[in-house]
>>> print(open('protein_0.cif').read())   # mmCIF, C-alpha atoms
data_target
loop_
_atom_site.label_atom_id
_atom_site.label_comp_id
_atom_site.auth_asym_id
_atom_site.auth_seq_id
_atom_site.Cartn_x
_atom_site.Cartn_y
_atom_site.Cartn_z
CA MET V 1 0.00 0.00 0.00
CA THR V 2 1.61 3.26 -1.17
CA LEU V 3 0.74 6.08 1.23
CA THR V 4 1.15 9.79 0.62
CA THR V 5 -0.94 11.46 3.35
CA ILE V 6 -0.78 9.04 6.27
CA ARG V 7 1.66 6.62 7.91
CA TYR V 8 0.79 3.06 8.86
CA HIS V 9 2.72 0.86 11.27
CA CYS V 10 1.79 -2.45 12.90
CA ASP V 11 3.79 -3.96 15.74
CA ALA V 12 2.86 -6.24 18.64
CA SER V 13 -0.73 -6.43 17.35
CA ILE V 14 -1.06 -2.62 17.54
CA ALA V 15 -1.80 -0.87 14.24
CA THR V 16 -1.00 2.85 14.33
CA ILE V 17 -2.51 5.13 11.69
CA THR V 18 -0.94 8.60 11.68
CA LEU V 19 -2.42 11.48 9.71
CA ASP V 20 0.71 12.94 8.14
CA GLN V 21 0.12 16.30 6.51
CA PRO V 22 1.45 18.58 9.29
CA ASP V 23 1.72 21.66 7.08
CA THR V 24 -2.09 21.76 6.87
CA LEU V 25 -2.70 20.47 10.42
CA ASN V 26 -3.62 17.16 8.75
CA ALA V 27 -6.69 18.62 7.07
CA PHE V 28 -8.76 16.06 5.17
CA THR V 29 -8.32 15.63 1.46
CA ALA V 30 -9.96 13.03 -0.76
CA THR V 31 -6.67 11.12 -0.84
CA MET V 32 -6.37 11.10 2.94
CA ARG V 33 -9.90 9.75 3.36
CA ARG V 34 -9.17 6.90 0.94
CA GLU V 35 -5.89 6.06 2.64
CA VAL V 36 -7.36 6.13 6.14
CA LEU V 37 -10.20 3.84 5.06
CA ASP V 38 -7.80 1.39 3.42
CA ALA V 39 -5.57 1.41 6.51
CA LEU V 40 -8.51 0.74 8.83
CA PHE V 41 -9.50 -2.38 6.90
CA ARG V 42 -5.88 -3.51 6.65
CA ALA V 43 -5.54 -3.16 10.42
CA ARG V 44 -8.52 -5.45 10.99
CA ASP V 45 -6.54 -8.30 9.44
CA GLU V 46 -3.18 -7.51 11.05
CA ALA V 47 -3.86 -6.18 14.55
CA ARG V 48 -5.90 -6.50 17.73
CA VAL V 49 -6.15 -2.78 18.44
CA ILE V 50 -6.02 0.37 16.28
CA VAL V 51 -4.44 3.67 17.31
CA LEU V 52 -5.30 6.83 15.36
CA THR V 53 -3.20 9.97 15.79
CA GLY V 54 -1.71 12.91 13.90
CA SER V 55 1.73 14.34 13.19
CA GLY V 56 2.90 17.84 14.00
CA ARG V 57 0.90 20.43 15.94
CA GLY V 58 -2.56 19.20 15.07
CA PHE V 59 -4.59 16.03 15.01
CA CYS V 60 -6.87 17.09 12.15
CA ALA V 61 -8.16 20.53 11.16
CA GLY V 62 -11.20 19.07 9.39
CA GLN V 63 -11.85 19.40 5.69
CA ASP V 64 -9.14 20.97 3.57
CA LEU V 65 -11.26 23.66 1.91
CA GLY V 66 -8.68 24.10 -0.82
CA ASP V 67 -9.22 20.48 -1.84
CA LEU V 68 -12.92 21.08 -2.55
CA GLY V 69 -12.84 23.60 -5.36
CA GLN V 70 -15.38 26.40 -5.70
CA PRO V 71 -18.09 26.36 -2.97
CA ASP V 72 -20.93 26.64 -5.49
CA GLN V 73 -19.65 23.58 -7.36
CA VAL V 74 -19.37 21.20 -4.39
CA ASN V 75 -22.04 18.63 -3.58
CA LEU V 76 -21.55 18.33 0.17
CA GLU V 77 -24.20 15.66 0.57
CA ARG V 78 -22.40 13.41 -1.92
CA LEU V 79 -19.05 14.16 -0.30
CA LEU V 80 -20.33 13.11 3.11
CA VAL V 81 -22.22 10.01 2.00
CA GLU V 82 -19.55 8.65 -0.35
CA GLU V 83 -16.29 9.74 1.33
CA TYR V 84 -16.76 10.66 5.00
CA HIS V 85 -19.41 8.21 6.14
CA PRO V 86 -17.43 5.07 5.22
CA VAL V 87 -14.47 6.29 7.31
CA ILE V 88 -16.58 7.21 10.35
CA GLU V 89 -18.49 3.92 10.15
CA ALA V 90 -15.28 1.91 9.75
CA ILE V 91 -14.02 3.35 13.05
CA ALA V 92 -17.28 3.23 14.99
CA GLU V 93 -18.21 -0.28 13.82
CA CYS V 94 -14.70 -1.73 13.93
CA PRO V 95 -14.64 -5.13 15.70
CA LEU V 96 -11.30 -4.15 17.26
CA PRO V 97 -10.85 -1.60 20.05
CA THR V 98 -9.92 1.82 18.66
CA VAL V 99 -7.89 4.43 20.51
CA CYS V 100 -7.43 8.04 19.40
CA ALA V 101 -4.33 9.87 20.63
CA LEU V 102 -5.24 13.52 20.21
CA ASN V 103 -1.94 15.34 19.80
CA GLY V 104 -3.33 18.79 18.92
CA ILE V 105 -6.32 20.69 17.57
CA ALA V 106 -9.22 18.57 16.35
CA ALA V 107 -11.60 20.75 14.38
CA GLY V 108 -14.72 20.11 12.33
CA ALA V 109 -14.77 16.63 10.83
CA GLY V 110 -11.42 16.02 12.54
CA ALA V 111 -13.04 16.40 15.94
CA ASN V 112 -15.84 14.04 15.02
CA LEU V 113 -13.43 11.50 13.54
CA ALA V 114 -11.71 11.39 16.93
CA LEU V 115 -15.01 10.96 18.78
CA ALA V 116 -15.82 7.88 16.69
CA ALA V 117 -13.01 6.02 18.49
CA ASP V 118 -13.71 3.90 21.57
CA ILE V 119 -11.18 5.63 23.79
CA VAL V 120 -9.84 9.16 23.27
CA ILE V 121 -6.74 10.35 25.10
CA ALA V 122 -5.75 13.97 24.57
CA ALA V 123 -2.62 15.97 25.22
CA ARG V 124 -3.40 18.92 27.49
CA SER V 125 -2.48 21.34 24.71
CA ALA V 126 -5.08 19.76 22.41
CA SER V 127 -8.58 21.11 21.90
CA PHE V 128 -11.85 20.35 20.15
CA LEU V 129 -13.63 22.78 17.86
CA GLN V 130 -16.97 22.32 16.11
CA ALA V 131 -15.98 24.96 13.56
CA PHE V 132 -18.81 24.45 11.08
CA ALA V 133 -20.88 27.52 11.99
CA ARG V 134 -17.87 29.72 11.23
CA ILE V 135 -18.30 28.93 7.53
CA GLY V 136 -22.09 28.71 7.46
CA LEU V 137 -22.47 24.96 7.89
CA MET V 138 -23.82 22.53 10.50
CA PRO V 139 -21.78 19.76 12.18
CA ASP V 140 -21.38 16.58 10.20
CA ALA V 141 -19.23 13.40 10.18
CA GLY V 142 -21.20 12.14 13.17
CA GLY V 143 -20.93 15.27 15.31
CA THR V 144 -24.66 15.61 15.90
CA TYR V 145 -24.72 11.92 16.92
CA TRP V 146 -21.75 11.80 19.31
CA LEU V 147 -22.03 15.14 21.06
CA PRO V 148 -25.51 14.95 22.67
CA ARG V 149 -24.85 11.36 23.73
CA LEU V 150 -21.50 12.17 25.29
CA VAL V 151 -22.05 15.58 26.87
CA GLY V 152 -25.83 16.11 26.80
CA PRO V 153 -27.97 18.38 24.60
CA ALA V 154 -27.20 21.69 26.35
CA ARG V 155 -23.44 21.39 26.00
CA ALA V 156 -23.79 19.92 22.51
CA LYS V 157 -25.79 22.93 21.37
CA GLY V 158 -23.29 25.34 22.91
CA LEU V 159 -20.34 23.65 21.23
CA CYS V 160 -22.05 23.60 17.83
CA LEU V 161 -23.74 27.00 17.81
CA LEU V 162 -20.98 29.06 19.43
CA ALA V 163 -18.16 27.23 17.61
CA GLU V 164 -15.76 27.89 20.48
CA PRO V 165 -12.79 25.63 21.26
CA LEU V 166 -13.04 23.15 24.13
CA SER V 167 -9.84 22.37 26.01
CA ALA V 168 -8.69 18.81 26.59
CA ASP V 169 -9.10 19.17 30.35
CA ARG V 170 -12.66 20.44 29.99
CA ALA V 171 -13.44 17.70 27.46
CA ALA V 172 -12.33 15.09 30.02
CA GLU V 173 -14.30 16.84 32.78
CA TRP V 174 -17.43 16.79 30.61
CA GLY V 175 -17.02 13.12 29.66
CA LEU V 176 -16.34 13.83 26.00
CA ILE V 177 -13.07 11.89 26.16
CA TRP V 178 -11.44 9.31 28.43
CA GLU V 179 -8.62 11.46 29.79
CA ALA V 180 -6.24 14.36 29.26
CA VAL V 181 -2.53 13.90 29.93
CA GLU V 182 0.60 16.02 29.81
CA ASP V 183 1.84 16.46 26.26
CA ASP V 184 5.05 14.54 26.85
CA GLN V 185 3.06 11.61 28.27
CA LEU V 186 0.59 11.21 25.39
CA GLU V 187 2.50 8.56 23.46
CA THR V 188 3.45 6.60 26.58
CA ARG V 189 -0.08 6.59 27.94
CA THR V 190 -1.57 5.70 24.56
CA MET V 191 0.76 2.74 24.11
CA GLU V 192 0.07 1.61 27.67
CA ILE V 193 -3.65 1.44 26.94
CA ALA V 194 -3.19 0.02 23.44
CA THR V 195 -0.90 -2.73 24.73
CA ARG V 196 -3.40 -3.65 27.41
CA LEU V 197 -6.15 -3.91 24.80
CA ALA V 198 -3.94 -5.81 22.34
CA GLU V 199 -3.27 -8.44 25.02
CA GLY V 200 -6.95 -8.69 25.99
CA PRO V 201 -9.91 -10.82 24.88
CA THR V 202 -10.61 -9.31 21.47
CA LYS V 203 -13.84 -11.20 20.86
CA ALA V 204 -15.23 -10.07 24.22
CA TYR V 205 -14.29 -6.48 23.38
CA CYS V 206 -16.18 -6.75 20.10
CA ALA V 207 -19.27 -8.09 21.89
CA THR V 208 -19.03 -5.32 24.48
CA LYS V 209 -18.85 -2.63 21.78
CA ARG V 210 -21.84 -4.11 19.98
CA ALA V 211 -23.95 -4.32 23.13
CA LEU V 212 -23.17 -0.74 24.14
CA ALA V 213 -23.92 0.56 20.65
CA GLU V 214 -27.26 -1.24 20.37
CA SER V 215 -28.32 -0.24 23.89
CA ILE V 216 -29.08 3.27 22.62
CA GLY V 217 -32.08 2.04 20.62
CA ASN V 218 -33.08 -0.98 22.71
CA GLY V 219 -35.59 -1.36 25.48
CA LEU V 220 -34.57 -3.35 28.56
CA ASP V 221 -35.99 -6.68 27.35
CA ASP V 222 -34.24 -6.42 23.99
CA GLN V 223 -30.97 -5.43 25.63
CA LEU V 224 -31.11 -8.30 28.12
CA ALA V 225 -31.74 -10.72 25.24
CA LEU V 226 -28.81 -9.27 23.30
CA GLU V 227 -26.53 -9.56 26.33
CA ALA V 228 -27.51 -13.19 26.81
CA ARG V 229 -26.88 -14.05 23.17
CA LEU V 230 -23.51 -12.29 23.02
CA GLN V 231 -22.44 -13.69 26.39
CA GLY V 232 -23.31 -17.16 25.19
CA GLU V 233 -20.97 -16.67 22.24
CA ALA V 234 -18.22 -15.29 24.46
CA GLY V 235 -18.64 -18.25 26.81
CA ARG V 236 -17.75 -20.62 24.00
CA SER V 237 -14.51 -18.83 23.20
CA ARG V 238 -11.00 -20.02 23.98
CA ASP V 239 -10.32 -16.73 25.72
CA TYR V 240 -13.09 -17.38 28.24
CA MET V 241 -11.63 -20.79 29.03
CA GLU V 242 -8.19 -19.25 29.41
CA GLY V 243 -9.52 -16.43 31.59
CA VAL V 244 -11.20 -18.80 34.04
CA LEU V 245 -8.19 -21.11 34.12
CA ALA V 246 -5.81 -18.21 34.73
CA PHE V 247 -8.03 -16.95 37.57
CA LEU V 248 -8.09 -20.36 39.24
CA GLU V 249 -4.34 -20.77 38.79
CA LYS V 250 -3.69 -17.21 40.03
CA ARG V 251 -1.74 -16.11 36.94
CA LYS V 252 -2.07 -13.55 34.18
CA PRO V 253 -4.24 -14.86 31.33
CA ALA V 254 -2.68 -15.30 27.89
CA PHE V 255 -5.58 -14.28 25.68
CA GLU V 256 -5.38 -15.12 21.98
CA GLY V 257 -8.15 -12.81 20.83
CA ARG V 258 -10.30 -15.78 19.79
#
>>> encode(input="protein_0.cif", output="structure tokens")
Amino acid sequence: MTLTTIRYHCDASIATITLDQPDTLNAFTATMRREVLDALFRARDEARVIVLTGSGRGFCAGQDLGDLGQPDQVNLERLLVEEYHPVIEAIAECPLPTVCALNGIAAGAGANLALAADIVIAARSASFLQAFARIGLMPDAGGTYWLPRLVGPARAKGLCLLAEPLSADRAAEWGLIWEAVEDDQLETRTMEIATRLAEGPTKAYCATKRALAESIGNGLDDQLALEARLQGEAGRSRDYMEGVLAFLEKRKPAFEGR
């Protein structure tokens, strides 16, 4: 796979996808979207956890407006449906745990790309910005889905309508992300979490993600039935057998992800 806008590296079952256009704060181009999507599907076959991050001062500044052409000639609906939605869905519906290491500003679609990940860890210098209103647009790329569910409707409306930046510390305080860490600890903390997930019961993680996602639209009876079905599948896995055996033998389990 020849890459021109991102970097891809897989080691110890951890696939790291790095947005790599620092001169534009890793703003999205059509090429970057294609490469990220290809890398996400490649990682499914090669890894047990995916880490998404950016190079330079920013994580992702959102859409590269210069890559769009003239505003009156752009079909934004087509752009979202055909190019953005597959990337967001590939992250949100990934059977592997996904971790976003937010190294800098995450604006517009870049912010909502980050929020599609299972766990978001941000450097304290990083920030989130729903910048859409500044150019006469509404949030997209999943922003209107993630925000009210993560921080509630009042804060979601404020973030979207006022288009003001949200610091990493405040994002963690509000429950938008998992945690904020010192800048020089971002990589270490991210790899600590990624390693833990890569050594864990991958099939159980997948079932957990599915149950949590479907709980949003399920009533209690449907959710209990889903839990029972997924738990039954997990109970037939080799990792469950290993987990119980390790507990009884008072040792660390050696999960295979199966």
>>> resolve_selection(input="protein_0.cif", expression="the PyMOL selection byres ((chain V and resi 18) around 9)", output="list in words")
Thr5, Ile6, Arg7, Tyr8, His9, Thr16, Ile17, Leu19, Asp20, Val36, Val51, Leu52, Thr53, Gly54, Ser55 and Phe59 of chain V
>>> resolve_selection(input="protein_0.cif", expression="the PyMOL selection byres ((chain V and resi 120) around 12)", output="JSON, numbers by chain")
{"V": [50, 51, 52, 53, 59, 97, 98, 99, 100, 101, 102, 103, 106, 111, 112, 113, 114, 115, 116, 117, 118, 119, 121, 122, 123, 126, 128, 168, 171, 172, 175, 176, 177, 178, 179, 180, 181, 186, 189, 190, 193, 194]}
>>> resolve_selection(input="protein_0.cif", expression="the PyMOL selection byres ((chain V and resi 258) around 7)", output="PyMOL selection string")
chain V and resi 202-203+237-239+256-257
>>> closest_residue(input="protein_0.cif", among="V:Ala27, V:Leu129, V:Ala141, V:Ala213", to="V:Pro165", atoms="only C-alpha atoms")
V:Leu129
>>> atom_distance(input="protein_0.cif", atom1="atom CA of V:Ala198", atom2="atom CA of V:Asp45")
13.4 Å
>>> atom_distance(input="protein_0.cif", atom1="atom CA of V:Cys160", atom2="atom CA of V:Gly108")
9.8 Å
>>> atom_distance(input="protein_0.cif", atom1="atom CA of V:Thr2", atom2="atom CA of V:Ala15")
16.3 Å
>>> residues_around(input="protein_0.cif", residues="V:Asp64", least_positions_apart="2", cutoff="9 Å", atoms="only C-alpha atoms", output="list in words")
Thr24, Asn26, Ala27, Phe28, Thr29, Ala61, Gly62, Gly66, Asp67 and Leu68 of chain V
>>> closest_residue(input="protein_0.cif", among="V:Thr195, V:Ala90, V:His85, V:Leu37", to="V:Gly143", atoms="all atoms listed in the file")
V:His85
